Every structure is written in C-alpha cells, then in structure tokens.
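Visitor: Contents of structure09.pdb (PDB, C-alpha atoms and all ligand atoms):
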```
ATOM      1  CA  MET A   1     -63.590 -12.874 -77.574
ATOM      2  CA  LYS A   2     -61.930  -9.669 -78.589
ATOM      3  CA  ASN A   3     -58.859  -8.667 -76.564
ATOM      4  CA  ASN A   4     -57.405  -5.174 -76.203
ATOM      5  CA  LYS A   5     -54.035  -5.977 -77.743
ATOM      6  CA  LEU A   6     -52.663  -3.811 -80.522
ATOM      7  CA  VAL A   7     -49.633  -4.757 -82.598
ATOM      8  CA  ILE A   8     -48.009  -1.887 -84.475
ATOM      9  CA  VAL A   9     -45.408  -2.349 -87.164
ATOM     10  CA  GLY A  10     -43.701   0.580 -88.852
ATOM     11  CA  THR A  11     -40.467   2.478 -89.117
ATOM     12  CA  MET A  12     -38.626   3.960 -86.167
ATOM     13  CA  ALA A  13     -36.428   6.566 -87.675
ATOM     14  CA  PHE A  14     -34.367   9.680 -87.749
ATOM     15  CA  ASP A  15     -35.959  12.468 -89.733
ATOM     16  CA  GLU A  16     -34.702  15.808 -91.008
ATOM     17  CA  ILE A  17     -37.548  18.166 -91.720
ATOM     18  CA  ILE A  18     -37.451  21.498 -93.504
ATOM     19  CA  THR A  19     -40.524  23.722 -93.245
ATOM     20  CA  PRO A  20     -40.884  27.286 -94.602
ATOM     21  CA  SER A  21     -39.948  28.596 -91.146
ATOM     22  CA  ALA A  22     -37.628  26.008 -89.560
ATOM     23  CA  GLU A  23     -35.133  23.199 -90.006
ATOM     24  CA  SER A  24     -35.268  20.383 -87.502
ATOM     25  CA  GLY A  25     -31.822  18.827 -87.805
ATOM     26  CA  LYS A  26     -31.797  15.080 -87.104
ATOM     27  CA  ILE A  27     -34.715  14.230 -84.847
ATOM     28  CA  LEU A  28     -36.748  11.251 -83.717
ATOM     29  CA  GLY A  29     -39.392  10.098 -86.204
ATOM     30  CA  GLY A  30     -40.797   7.058 -87.948
ATOM     31  CA  ALA A  31     -44.281   5.744 -88.551
ATOM     32  CA  ALA A  32     -44.294   3.310 -85.603
ATOM     33  CA  THR A  33     -43.038   6.017 -83.245
ATOM     34  CA  TYR A  34     -45.877   8.397 -84.095
ATOM     35  CA  ILE A  35     -48.468   5.595 -84.201
ATOM     36  CA  GLY A  36     -47.369   4.224 -80.816
ATOM     37  CA  LEU A  37     -47.327   7.589 -79.073
ATOM     38  CA  ALA A  38     -50.794   8.424 -80.417
ATOM     39  CA  ALA A  39     -52.274   4.965 -79.728
ATOM     40  CA  ALA A  40     -51.100   5.172 -76.124
ATOM     41  CA  PHE A  41     -53.835   7.730 -75.345
ATOM     42  CA  ALA A  42     -56.233   4.762 -75.428
ATOM     43  CA  ASP A  43     -56.581   2.001 -72.878
ATOM     44  CA  ALA A  44     -54.980  -0.673 -75.054
ATOM     45  CA  ASP A  45     -52.184  -3.192 -74.558
ATOM     46  CA  ILE A  46     -49.693  -2.116 -77.215
ATOM     47  CA  ALA A  47     -46.617  -3.762 -78.741
ATOM     48  CA  ALA A  48     -44.363  -2.175 -81.354
ATOM     49  CA  VAL A  49     -42.513  -4.250 -83.954
ATOM     50  CA  SER A  50     -39.704  -2.404 -85.673
ATOM     51  CA  VAL A  51     -35.956  -2.169 -86.183
ATOM     52  CA  VAL A  52     -33.448   0.491 -85.167
ATOM     53  CA  GLY A  53     -29.692   0.925 -85.420
ATOM     54  CA  GLU A  54     -27.124   1.430 -82.719
ATOM     55  CA  ASP A  55     -27.610   5.186 -83.198
ATOM     56  CA  PHE A  56     -31.045   4.978 -81.546
ATOM     57  CA  THR A  57     -30.652   5.963 -77.899
ATOM     58  CA  GLU A  58     -32.101   4.302 -74.828
ATOM     59  CA  GLU A  59     -33.762   7.608 -74.027
ATOM     60  CA  GLN A  60     -35.598   7.484 -77.353
ATOM     61  CA  LEU A  61     -36.728   3.895 -76.794
ATOM     62  CA  ASN A  62     -37.858   4.875 -73.300
ATOM     63  CA  LEU A  63     -40.298   7.374 -74.790
ATOM     64  CA  LEU A  64     -42.334   4.343 -75.890
ATOM     65  CA  THR A  65     -41.875   2.198 -72.783
ATOM     66  CA  GLU A  66     -42.827   5.128 -70.558
ATOM     67  CA  ARG A  67     -46.184   5.091 -72.367
ATOM     68  CA  GLY A  68     -46.582   1.392 -71.550
ATOM     69  CA  ILE A  69     -45.652   0.169 -75.042
ATOM     70  CA  ASP A  70     -43.964  -3.249 -75.205
ATOM     71  CA  ILE A  71     -40.808  -2.933 -77.318
ATOM     72  CA  SER A  72     -39.597  -6.534 -77.112
ATOM     73  CA  GLY A  73     -40.378  -6.714 -80.842
ATOM     74  CA  VAL A  74     -38.091  -3.749 -81.612
ATOM     75  CA  GLU A  75     -34.778  -5.143 -82.800
ATOM     76  CA  GLN A  76     -31.661  -3.047 -82.290
ATOM     77  CA  VAL A  77     -28.947  -3.911 -84.814
ATOM     78  CA  ARG A  78     -25.413  -3.600 -83.454
ATOM     79  CA  GLY A  79     -23.321  -1.347 -85.681
ATOM     80  CA  GLY A  80     -26.383  -0.574 -87.829
ATOM     81  CA  LYS A  81     -27.904   2.784 -88.760
ATOM     82  CA  SER A  82     -31.586   3.550 -88.272
ATOM     83  CA  PHE A  83     -33.970   4.328 -91.146
ATOM     84  CA  TYR A  84     -33.492   7.953 -92.240
ATOM     85  CA  TRP A  85     -35.904  10.256 -94.042
ATOM     86  CA  LYS A  86     -35.511  13.883 -95.107
ATOM     87  CA  GLY A  87     -38.382  15.991 -96.384
ATOM     88  CA  ARG A  88     -39.144  19.595 -97.306
ATOM     89  CA  TYR A  89     -42.550  21.247 -97.074
ATOM     90  CA  HIS A  90     -43.762  23.808 -99.590
ATOM     91  CA  ASP A  91     -45.228  27.155 -98.478
ATOM     92  CA  ASN A  92     -48.524  25.304 -98.717
ATOM     93  CA  MET A  93     -47.747  22.787 -95.998
ATOM     94  CA  ASN A  94     -50.080  20.206 -97.562
ATOM     95  CA  LYS A  95     -47.326  19.547-100.074
ATOM     96  CA  ARG A  96     -43.945  18.037 -99.363
ATOM     97  CA  ASP A  97     -41.041  16.555-101.265
ATOM     98  CA  THR A  98     -38.996  13.633-100.030
ATOM     99  CA  LEU A  99     -35.355  14.665-100.370
ATOM    100  CA  ASP A 100     -33.788  11.451 -99.094
ATOM    101  CA  THR A 101     -34.832   7.999 -97.884
ATOM    102  CA  GLN A 102     -32.165   5.649 -96.483
ATOM    103  CA  LEU A 103     -33.502   2.234 -95.524
ATOM    104  CA  ASN A 104     -30.362   1.237 -93.579
ATOM    105  CA  VAL A 105     -31.326  -1.494 -91.054
ATOM    106  CA  LEU A 106     -34.815  -1.736 -92.571
ATOM    107  CA  ALA A 107     -33.305  -3.300 -95.722
ATOM    108  CA  ASP A 108     -32.641  -6.659 -93.966
ATOM    109  CA  PHE A 109     -35.336  -6.558 -91.322
ATOM    110  CA  ASN A 110     -37.035  -9.790 -90.324
ATOM    111  CA  PRO A 111     -39.831  -8.802 -87.957
ATOM    112  CA  VAL A 112     -40.681 -10.967 -84.953
ATOM    113  CA  VAL A 113     -44.063 -10.436 -83.303
ATOM    114  CA  PRO A 114     -43.715 -11.164 -79.552
ATOM    115  CA  GLU A 115     -45.463 -14.468 -78.622
ATOM    116  CA  ALA A 116     -47.836 -12.746 -76.217
ATOM    117  CA  TYR A 117     -49.180 -10.488 -78.968
ATOM    118  CA  ARG A 118     -49.724 -13.037 -81.764
ATOM    119  CA  ASP A 119     -53.425 -13.273 -80.906
ATOM    120  CA  ALA A 120     -53.880  -9.462 -80.996
ATOM    121  CA  SER A 121     -57.352  -8.301 -82.013
ATOM    122  CA  VAL A 122     -56.056  -5.176 -83.726
ATOM    123  CA  VAL A 123     -53.017  -4.999 -85.989
ATOM    124  CA  MET A 124     -51.794  -1.693 -87.380
ATOM    125  CA  LEU A 125     -49.553  -2.196 -90.405
ATOM    126  CA  GLY A 126     -47.853   1.194 -90.432
ATOM    127  CA  ASN A 127     -45.884   2.574 -93.300
ATOM    128  CA  LEU A 128     -42.911   0.407 -94.223
ATOM    129  CA  ASP A 129     -41.883  -2.311 -96.671
ATOM    130  CA  PRO A 130     -44.985  -4.407 -97.552
ATOM    131  CA  ASN A 131     -42.806  -7.538 -97.359
ATOM    132  CA  VAL A 132     -42.344  -6.778 -93.663
ATOM    133  CA  GLN A 133     -46.080  -6.082 -93.271
ATOM    134  CA  GLN A 134     -46.769  -9.518 -94.817
ATOM    135  CA  LYS A 135     -44.275 -11.253 -92.512
ATOM    136  CA  VAL A 136     -46.090  -9.766 -89.526
ATOM    137  CA  LEU A 137     -49.453 -11.049 -90.791
ATOM    138  CA  ASP A 138     -47.920 -14.506 -91.345
ATOM    139  CA  GLN A 139     -46.924 -14.775 -87.674
ATOM    140  CA  LEU A 140     -50.356 -14.036 -86.230
ATOM    141  CA  LEU A 141     -52.509 -16.727 -84.660
ATOM    142  CA  PRO A 142     -56.014 -17.074 -86.101
ATOM    143  CA  ASN A 143     -58.452 -14.664 -84.443
ATOM    144  CA  PRO A 144     -61.965 -14.273 -85.918
ATOM    145  CA  ASN A 145     -62.287 -10.953 -84.102
ATOM    146  CA  ARG A 146     -59.229  -9.398 -85.670
ATOM    147  CA  THR A 147     -59.168  -6.015 -87.416
ATOM    148  CA  VAL A 148     -56.182  -5.243 -89.620
ATOM    149  CA  LEU A 149     -55.421  -1.636 -90.574
ATOM    150  CA  LEU A 150     -52.866  -0.514 -93.131
ATOM    151  CA  ASP A 151     -51.145   2.731 -93.993
ATOM    152  CA  THR A 152     -48.695   3.125 -96.842
ATOM    153  CA  MET A 153     -47.199   5.739 -99.124
ATOM    154  CA  ASN A 154     -46.102   6.383-102.721
ATOM    155  CA  PHE A 155     -42.541   5.171-102.015
ATOM    156  CA  TRP A 156     -43.801   1.582-101.550
ATOM    157  CA  MET A 157     -46.291   1.808-104.425
ATOM    158  CA  ASP A 158     -43.380   2.729-106.683
ATOM    159  CA  LEU A 159     -41.091  -0.017-105.373
ATOM    160  CA  GLN A 160     -43.226  -2.959-104.201
ATOM    161  CA  TRP A 161     -46.499  -2.711-106.092
ATOM    162  CA  ASP A 162     -47.387  -6.435-106.292
ATOM    163  CA  THR A 163     -46.469  -7.218-102.698
ATOM    164  CA  LEU A 164     -48.379  -4.178-101.504
ATOM    165  CA  LEU A 165     -51.518  -5.193-103.436
ATOM    166  CA  ASN A 166     -51.318  -8.650-101.909
ATOM    167  CA  VAL A 167     -51.115  -7.192 -98.382
ATOM    168  CA  ILE A 168     -54.009  -4.808 -99.106
ATOM    169  CA  LYS A 169     -56.187  -7.844 -99.942
ATOM    170  CA  GLN A 170     -55.883  -8.984 -96.317
ATOM    171  CA  VAL A 171     -56.754  -5.671 -94.726
ATOM    172  CA  ASP A 172     -60.051  -4.432 -93.219
ATOM    173  CA  ILE A 173     -59.271  -0.710 -92.963
ATOM    174  CA  ILE A 174     -56.889   1.293 -95.147
ATOM    175  CA  THR A 175     -55.848   4.839 -94.302
ATOM    176  CA  ILE A 176     -54.284   6.671 -97.191
ATOM    177  CA  ASN A 177     -53.914  10.290 -98.248
ATOM    178  CA  ASP A 178     -55.779  11.709-101.233
ATOM    179  CA  GLU A 179     -52.862  11.756-103.680
ATOM    180  CA  GLU A 180     -51.847   8.231-102.728
ATOM    181  CA  ALA A 181     -55.453   7.027-103.099
ATOM    182  CA  MET A 182     -55.381   8.393-106.649
ATOM    183  CA  GLN A 183     -52.056   6.689-107.369
ATOM    184  CA  LEU A 184     -53.258   3.378-105.909
ATOM    185  CA  SER A 185     -56.562   3.372-107.776
ATOM    186  CA  GLY A 186     -55.693   5.234-110.977
ATOM    187  CA  GLU A 187     -58.785   7.416-110.368
ATOM    188  CA  THR A 188     -58.702  11.193-109.900
ATOM    189  CA  ASN A 189     -62.140  11.373-108.274
ATOM    190  CA  LEU A 190     -61.984  10.343-104.605
ATOM    191  CA  VAL A 191     -65.361   8.563-104.579
ATOM    192  CA  LEU A 192     -64.275   6.456-107.548
ATOM    193  CA  ALA A 193     -60.842   5.965-105.971
ATOM    194  CA  ALA A 194     -62.475   4.638-102.782
ATOM    195  CA  LYS A 195     -64.676   2.276-104.826
ATOM    196  CA  ALA A 196     -61.645   0.903-106.652
ATOM    197  CA  ILE A 197     -59.740   0.450-103.367
ATOM    198  CA  HIS A 198     -62.732  -1.389-101.813
ATOM    199  CA  LYS A 199     -62.433  -3.882-104.652
ATOM    200  CA  MET A 200     -58.783  -4.488-103.687
ATOM    201  CA  GLY A 201     -59.879  -5.765-100.249
ATOM    202  CA  PRO A 202     -60.526  -3.252 -97.465
ATOM    203  CA  ALA A 203     -64.188  -2.858 -96.426
ATOM    204  CA  TYR A 204     -63.346   0.525 -94.896
ATOM    205  CA  VAL A 205     -61.418   3.081 -96.938
ATOM    206  CA  ILE A 206     -60.292   6.207 -95.118
ATOM    207  CA  ILE A 207     -58.935   8.972 -97.314
ATOM    208  CA  LYS A 208     -57.003  11.651 -95.440
ATOM    209  CA  LYS A 209     -57.084  15.161 -96.841
ATOM    210  CA  GLY A 210     -54.605  16.877 -94.507
ATOM    211  CA  GLU A 211     -56.006  20.067 -92.999
ATOM    212  CA  HIS A 212     -59.277  19.333 -94.858
ATOM    213  CA  GLY A 213     -60.112  16.316 -92.716
ATOM    214  CA  ALA A 214     -60.734  12.659 -93.462
ATOM    215  CA  LEU A 215     -63.396  10.781 -95.431
ATOM    216  CA  LEU A 216     -64.520   7.274 -94.549
ATOM    217  CA  PHE A 217     -66.080   5.204 -97.314
ATOM    218  CA  TYR A 218     -68.055   2.190 -96.155
ATOM    219  CA  ASN A 219     -71.140   0.551 -97.689
ATOM    220  CA  ASP A 220     -71.700   3.462-100.100
ATOM    221  CA  GLN A 221     -72.289   5.827 -97.177
ATOM    222  CA  PRO A 222     -69.440   8.329 -96.758
ATOM    223  CA  PHE A 223     -68.648   9.857 -93.365
ATOM    224  CA  PHE A 224     -66.604  13.017 -92.970
ATOM    225  CA  ALA A 225     -64.507  14.160 -90.021
ATOM    226  CA  PRO A 226     -63.139  17.709 -90.326
ATOM    227  CA  ALA A 227     -59.667  18.463 -89.015
ATOM    228  CA  LEU A 228     -59.402  21.060 -86.253
ATOM    229  CA  PRO A 229     -58.714  24.470 -87.809
ATOM    230  CA  LEU A 230     -55.347  25.485 -86.328
ATOM    231  CA  GLU A 231     -53.738  28.902 -86.228
ATOM    232  CA  LYS A 232     -50.259  27.504 -86.637
ATOM    233  CA  VAL A 233     -49.079  24.240 -88.164
ATOM    234  CA  GLU A 234     -45.436  23.911 -87.183
ATOM    235  CA  ASP A 235     -44.720  20.568 -88.882
ATOM    236  CA  PRO A 236     -47.242  18.198 -90.555
ATOM    237  CA  THR A 237     -44.854  15.217 -90.383
ATOM    238  CA  GLY A 238     -46.463  12.271 -88.664
ATOM    239  CA  ALA A 239     -50.010  13.627 -88.898
ATOM    240  CA  GLY A 240     -51.080  10.580 -90.911
ATOM    241  CA  ASP A 241     -49.358   8.205 -88.508
ATOM    242  CA  SER A 242     -50.820   9.932 -85.461
ATOM    243  CA  PHE A 243     -54.220   9.610 -87.088
ATOM    244  CA  ALA A 244     -53.645   5.874 -87.590
ATOM    245  CA  GLY A 245     -52.423   5.589 -83.990
ATOM    246  CA  GLY A 246     -55.388   7.407 -82.467
ATOM    247  CA  LEU A 247     -57.763   5.256 -84.531
ATOM    248  CA  SER A 248     -56.116   1.863 -83.970
ATOM    249  CA  GLY A 249     -55.544   2.478 -80.246
ATOM    250  CA  TYR A 250     -59.216   3.336 -79.801
ATOM    251  CA  LEU A 251     -60.342   0.236 -81.742
ATOM    252  CA  ALA A 252     -58.078  -2.000 -79.666
ATOM    253  CA  ALA A 253     -59.683  -0.667 -76.482
ATOM    254  CA  GLN A 254     -63.266  -1.401 -77.663
ATOM    255  CA  GLN A 255     -65.317  -4.554 -77.105
ATOM    256  CA  LYS A 256     -66.425  -4.554 -80.716
ATOM    257  CA  VAL A 257     -65.164  -3.029 -83.949
ATOM    258  CA  ASP A 258     -68.010  -1.833 -86.175
ATOM    259  CA  ALA A 259     -68.731   1.232 -88.300
ATOM    260  CA  LYS A 260     -69.684   3.295 -85.234
ATOM    261  CA  ALA A 261     -66.455   2.413 -83.417
ATOM    262  CA  ILE A 262     -64.460   3.242 -86.540
ATOM    263  CA  LYS A 263     -66.133   6.667 -86.800
ATOM    264  CA  GLU A 264     -65.392   7.331 -83.122
ATOM    265  CA  GLY A 265     -61.843   6.148 -83.766
ATOM    266  CA  ILE A 266     -61.500   8.581 -86.654
ATOM    267  CA  LEU A 267     -62.290  11.414 -84.229
ATOM    268  CA  ARG A 268     -59.511  10.135 -81.892
ATOM    269  CA  GLY A 269     -57.157   9.962 -84.861
ATOM    270  CA  THR A 270     -58.045  13.513 -85.832
ATOM    271  CA  ALA A 271     -57.440  14.702 -82.257
ATOM    272  CA  ALA A 272     -54.014  13.022 -82.136
ATOM    273  CA  ALA A 273     -53.034  14.483 -85.516
ATOM    274  CA  SER A 274     -54.006  17.992 -84.400
ATOM    275  CA  LEU A 275     -51.732  17.646 -81.366
ATOM    276  CA  CYS A 276     -48.899  16.286 -83.482
ATOM    277  CA  VAL A 277     -48.686  19.117 -86.029
ATOM    278  CA  GLY A 278     -48.429  21.874 -83.416
ATOM    279  CA  ALA A 279     -44.682  21.334 -82.928
ATOM    280  CA  MET A 280     -41.692  19.918 -84.778
ATOM    281  CA  GLY A 281     -41.428  16.117 -84.946
ATOM    282  CA  THR A 282     -42.810  14.006 -82.113
ATOM    283  CA  SER A 283     -42.281  16.635 -79.408
ATOM    284  CA  ASN A 284     -45.941  17.555 -78.895
ATOM    285  CA  LEU A 285     -47.061  13.927 -78.785
ATOM    286  CA  VAL A 286     -44.320  13.115 -76.306
ATOM    287  CA  GLN A 287     -45.324  15.952 -74.012
ATOM    288  CA  ALA A 288     -49.104  15.739 -74.322
ATOM    289  CA  SER A 289     -51.046  14.418 -71.344
ATOM    290  CA  SER A 290     -54.321  12.523 -71.601
ATOM    291  CA  GLU A 291     -56.028  15.786 -70.548
ATOM    292  CA  ASP A 292     -54.471  17.546 -73.546
ATOM    293  CA  PHE A 293     -55.765  14.772 -75.781
ATOM    294  CA  LEU A 294     -59.265  15.006 -74.302
ATOM    295  CA  ALA A 295     -59.208  18.785 -74.744
ATOM    296  CA  GLN A 296     -58.571  18.315 -78.491
ATOM    297  CA  LEU A 297     -61.446  15.848 -78.652
ATOM    298  CA  GLN A 298     -63.746  18.353 -76.954
ATOM    299  CA  LYS A 299     -62.729  21.044 -79.431
ATOM    300  CA  LEU A 300     -63.624  18.628 -82.227
ATOM    301  CA  GLU A 301     -67.022  18.004 -80.663
ATOM    302  CA  ARG A 302     -67.675  21.755 -80.479
ATOM    303  CA  LEU A 303     -66.595  22.088 -84.110
ATOM    304  CA  ARG A 304     -69.377  19.669 -85.080
ATOM    305  CA  ASN A 305     -72.039  20.935 -82.687
ATOM    306  CA  ILE A 306     -74.821  23.023 -84.247
ATOM    307  CA  THR A 307     -76.754  23.803 -81.036
ATOM    308  CA  ALA A 308     -74.221  25.887 -79.113
TER     309      ALA A 308
HETATM  310  P1  LIG B   1     -46.465  10.975 -92.298
HETATM  311  O1  LIG B   1     -46.135  12.430 -92.233
HETATM  312  O2  LIG B   1     -47.608  10.578 -91.425
HETATM  313  O3  LIG B   1     -46.587  10.478 -93.701
HETATM  314  O4  LIG B   1     -45.226  10.160 -91.682
HETATM  315  C1  LIG B   1     -43.931  10.667 -91.661
HETATM  316  C2  LIG B   1     -43.008   9.615 -91.062
HETATM  317  O5  LIG B   1     -42.906   8.523 -91.970
HETATM  318  C3  LIG B   1     -41.596  10.129 -90.851
HETATM  319  O6  LIG B   1     -41.309  10.127 -89.479
HETATM  320  C4  LIG B   1     -40.686   9.186 -91.619
HETATM  321  O7  LIG B   1     -39.610   8.684 -90.864
HETATM  322  C5  LIG B   1     -41.578   8.059 -92.033
HETATM  323  N1  LIG B   1     -41.327   7.666 -93.426
HETATM  324  C6  LIG B   1     -41.000   8.464 -94.474
HETATM  325  N2  LIG B   1     -40.843   7.740 -95.589
HETATM  326  C7  LIG B   1     -41.098   6.452 -95.258
HETATM  327  C8  LIG B   1     -41.104   5.219 -95.977
HETATM  328  N3  LIG B   1     -40.809   5.163 -97.278
HETATM  329  N4  LIG B   1     -41.413   4.098 -95.305
HETATM  330  C9  LIG B   1     -41.723   4.147 -93.998
HETATM  331  N5  LIG B   1     -41.722   5.254 -93.253
HETATM  332  C10 LIG B   1     -41.411   6.412 -93.872
END
```
Please go through the file and, once you have read it, give me the structure as structure tokens.
Guide:
Amino acid sequence: MKNNKLVIVGTMAFDEIITPSAESGKILGGAATYIGLAAAFADADIAAVSVVGEDFTEEQLNLLTERGIDISGVEQVRGGKSFYWKGRYHDNMNKRDTLDTQLNVLADFNPVVPEAYRDASVVMLGNLDPNVQQKVLDQLLPNPNRTVLLDTMNFWMDLQWDTLLNVIKQVDIITINDEEAMQLSGETNLVLAAKAIHKMGPAYVIIKKGEHGALLFYNDQPFFAPALPLEKVEDPTGAGDSFAGGLSGYLAAQQKVDAKAIKEGILRGTAAASLCVGAMGTSNLVQASSEDFLAQLQKLERLRNITA
C-alpha cells in the first residue's frame, strides 16, 4: 500500500543573490528549504533530511516545522557553518553565474533518515552531493510502491560524475534544466537528450526550460506544461526546487503514481515555481497561503483553456 510520506534531502543554505535590480545580502536558501516549503502545499507527511551550521537560526528552522515538516533528520553542527551559495543573474534572468559555493558542513555530512520515514513512498533527492543522495537511498526499507525523484546541477556533474550516474540509475523521475540535460547527455537536441537520459535509468525525464515551461518525456509521448507568464520576475532562485517540491508533494499525497498523476504534479510544480520567483529568496513561498497556491493553479488552468 502506498503511504503519503515524502522524504526530502537537499541543502539548507545561506544564499547571496544579485539580480539586475537588487542584491539580497545573506538570506535563507537551499534546495531542501525551497522543496519543503513548496511540497507543504500538498496533503503529505513530509520529512526533511539535511545539515545546517550553528549560524542557522531557530526561527529559520521553524519556517519548516510551522508547515508541518519533520526536521528530526536535519542535523545542526555545533560550531559549523551552513552551506553557502552566491549567484548573479544576467539581464536575461534565465542565465546565472555561480560566484561562490562553500560546502562547509555539507562536506562531512552523514545523512540519517528518521526511522518513521524509512518506508516513505516518495523520496525527493534534491540537489546536493550524490554521495549523500546514495546514503539516503541505502537507508530506505523496501517499498514496491516507491517513487524516487532526483534533481541535480552542473556543479555535481563536474565533481561527482560516476557517483551521480549510479544514483540516476535508481531513480524513476529526474527533473533537470535544459542546459544540464545537454551536459548530462552530451546531446544538444532536447528530445535526443531525454532519450539518452532515459537510458541512464529514469522512466520519466522532466526538462525544465525556465520561463518557457517544462517538458515531460515518457514512453515517446512528450507532455508540455507552460510556465505562467509573469510581469515581474524578482528572483528565479529556487524555481527548480519549488517545481520539484510542488511535484513531489502532490505525488506523495496521491493513492497511485502514474503518468497522469505526474502530469498533474507538474502543474503543481509550475504553480509553486511561479509563486517563488515573484520575490527575493524564499519570502513568497514562506508567506503564501494555500489559497494563493490554488489561485496560481487556476491561472494555469485558464492559460491552457481554449473555450473561455
Ligand atoms: P535553483 O534555483 O532551483 O537551482 O536552486 C537554488 C538553490 O540551490 C539555492 O538556494 C542554493 O543554496 C542551492 N544550491 C546552489 N548550488 C548548489 C549545489 N552545488 N548543491 C546543492 N544546492 C545548491
């Protein structure tokens, strides 16, 4: 029987973001933070597995617990510093450069999945060291109804190629942006890239194209979900993670995970991402109510409706 448990692993971080119109200073970020906040819009039982330093405040951790997320798998290292990432967006906000990545406490992280979540039906391997992603998989109890999702980025392809490929073999759904799909597959055409990534393991390949939406490749039949056209994108950071959170949270809350549920989940992911990019960092996701989330979903439905 499928349960509604979702285990999320990913970074919890401090980010510094520079956009053409603003500089954030040091703010809350990290893949697991965005994924957790976005997944919490669904009726799922969520646990986060991550590591933070002493610099992470109780207030910041509370942002997750207030959303009902179990953080017993979030280790806080005394005297340690949290993962830090600094990035700058180009005038075309689809492009960004990483200016600095400091692993800090992530460098020696040994993840522990809380006992109560080892049978989780949905596991979201968010962006972080593939060795840590593997250690999470190794702790899970067998569950024939399990769906494993993975997100990653160029940083880990450059540094941990073999380990990453081995993790990808064990994954059902991969979410990856277009440039990273090209790097992973060695193909410049996205259809060919998806085919090559299928061969690496995942039955479902989701290629994110930023403001141009997301493509799902499954059984030779692509599905496309447009992003909501927005007047103002304040900060695209975390859009990919929010997408993964909206999708994995929805899947955890379903009785069954099949292609239809994944397509529905992609719409939830798109809705969460459109909320996320409207303000700097996590602030919009933190403030958004479930009504705000539903309103984004309705806008997406209208975007796709040809009768009205
Ligand atoms: P996204 O914009 O969805 O790609 O995610 C941005 C988030 O990923 C930021 O909050 C960063 O803290 C986090 N991040 C950046 N680089 C890495 C990395 N190499 N590994 C894990 N997380 C990262």
Visitor: Would you mind telling me which residue in A:Glu291, A:Asp108, A:Glu115, A:Asp100 lies nearest to ligand LIG 1 (chain B) when using only C-alpha atoms and all ligand atoms?
Guide: A:Asp100
Visitor: Residues within 6 Å of ligand LIG 1 (chain B) should be enumerated using only C-alpha atoms and all ligand atoms and returned as a PDB file with C-alpha atoms, keeping the file's coordinate frame.
Guide:
```
ATOM      1  CA  THR A  11     -40.467   2.478 -89.117  1.00  0.00           C
ATOM      2  CA  ALA A  13     -36.428   6.566 -87.675  1.00  0.00           C
ATOM      3  CA  ASP A  15     -35.959  12.468 -89.733  1.00  0.00           C
ATOM      4  CA  GLY A  29     -39.392  10.098 -86.204  1.00  0.00           C
ATOM      5  CA  GLY A  30     -40.797   7.058 -87.948  1.00  0.00           C
ATOM      6  CA  ALA A  31     -44.281   5.744 -88.551  1.00  0.00           C
ATOM      7  CA  TRP A  85     -35.904  10.256 -94.042  1.00  0.00           C
ATOM      8  CA  ASN A 127     -45.884   2.574 -93.300  1.00  0.00           C
ATOM      9  CA  LEU A 128     -42.911   0.407 -94.223  1.00  0.00           C
ATOM     10  CA  PHE A 155     -42.541   5.171-102.015  1.00  0.00           C
ATOM     11  CA  THR A 237     -44.854  15.217 -90.383  1.00  0.00           C
ATOM     12  CA  GLY A 238     -46.463  12.271 -88.664  1.00  0.00           C
ATOM     13  CA  ALA A 239     -50.010  13.627 -88.898  1.00  0.00           C
ATOM     14  CA  GLY A 240     -51.080  10.580 -90.911  1.00  0.00           C
ATOM     15  CA  ASP A 241     -49.358   8.205 -88.508  1.00  0.00           C
TER      16      ASP A 241
END
```
Visitor: Interatomic distance between atom CA of Leu267 of chain A and atom CA of Met200 of chain A?
Guide: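 Answer for the atom CA of Leu267 of chain A to atom CA of Met200 of chain A separation: 25.4 Å.
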Visitor: Evaluate the PyMOL selection byres (((chain A and resi 235) around 9) and not hetatm) on the structure here and hand back the selected residues as a PyMOL selection string.
Guide: chain A and resi 17-19+22+89+93+233-234+236-239+276-281
Visitor: Between A:Ile168, A:Ala38, A:Leu106, A:Ile197, which one has atoms that come closest to Ala271 of chain A, using all atoms listed in the file?
Guide: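 Nearest candidate to Ala271 of chain A out of A:Ile168, A:Ala38, A:Leu106, A:Ile197: A:Ala38.
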Visitor: For the file shown, report as a list in words the outcome of the PyMOL selection byres (((chain A and resi 179-196) around 8) and not hetatm) at residue level.
Guide: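 This file gives the following for the PyMOL selection byres (((chain A and resi 179-196) around 8) and not hetatm): Met153, Asn154, Met157, Ile176, Asn177, Asp178, Ile197, His198, Lys199, Met200, Val205, Ile207 and Phe217 of chain A.
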Visitor: Find the distance between atom CA of Asp129 of chain A and atom CA of Thr57 of chain A and write it in Å to one decimal.
Guide: 23.4 Å
Visitor: Give me, please, the distance in Å between atom CA of Met124 of chain A and atom CA of Arg304 of chain A, quoted to one decimal.
Guide: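 Value for the atom CA of Met124 of chain A-atom CA of Arg304 of chain A distance: 27.8 Å.
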Visitor: Evaluating the PyMOL selection byres (((chain A and resi 134) around 10) and not hetatm) on the displayed file yields which residues, as a PyMOL selection string?
Guide: chain A and resi 111+125+129-133+135-139+163-164+166-168+170
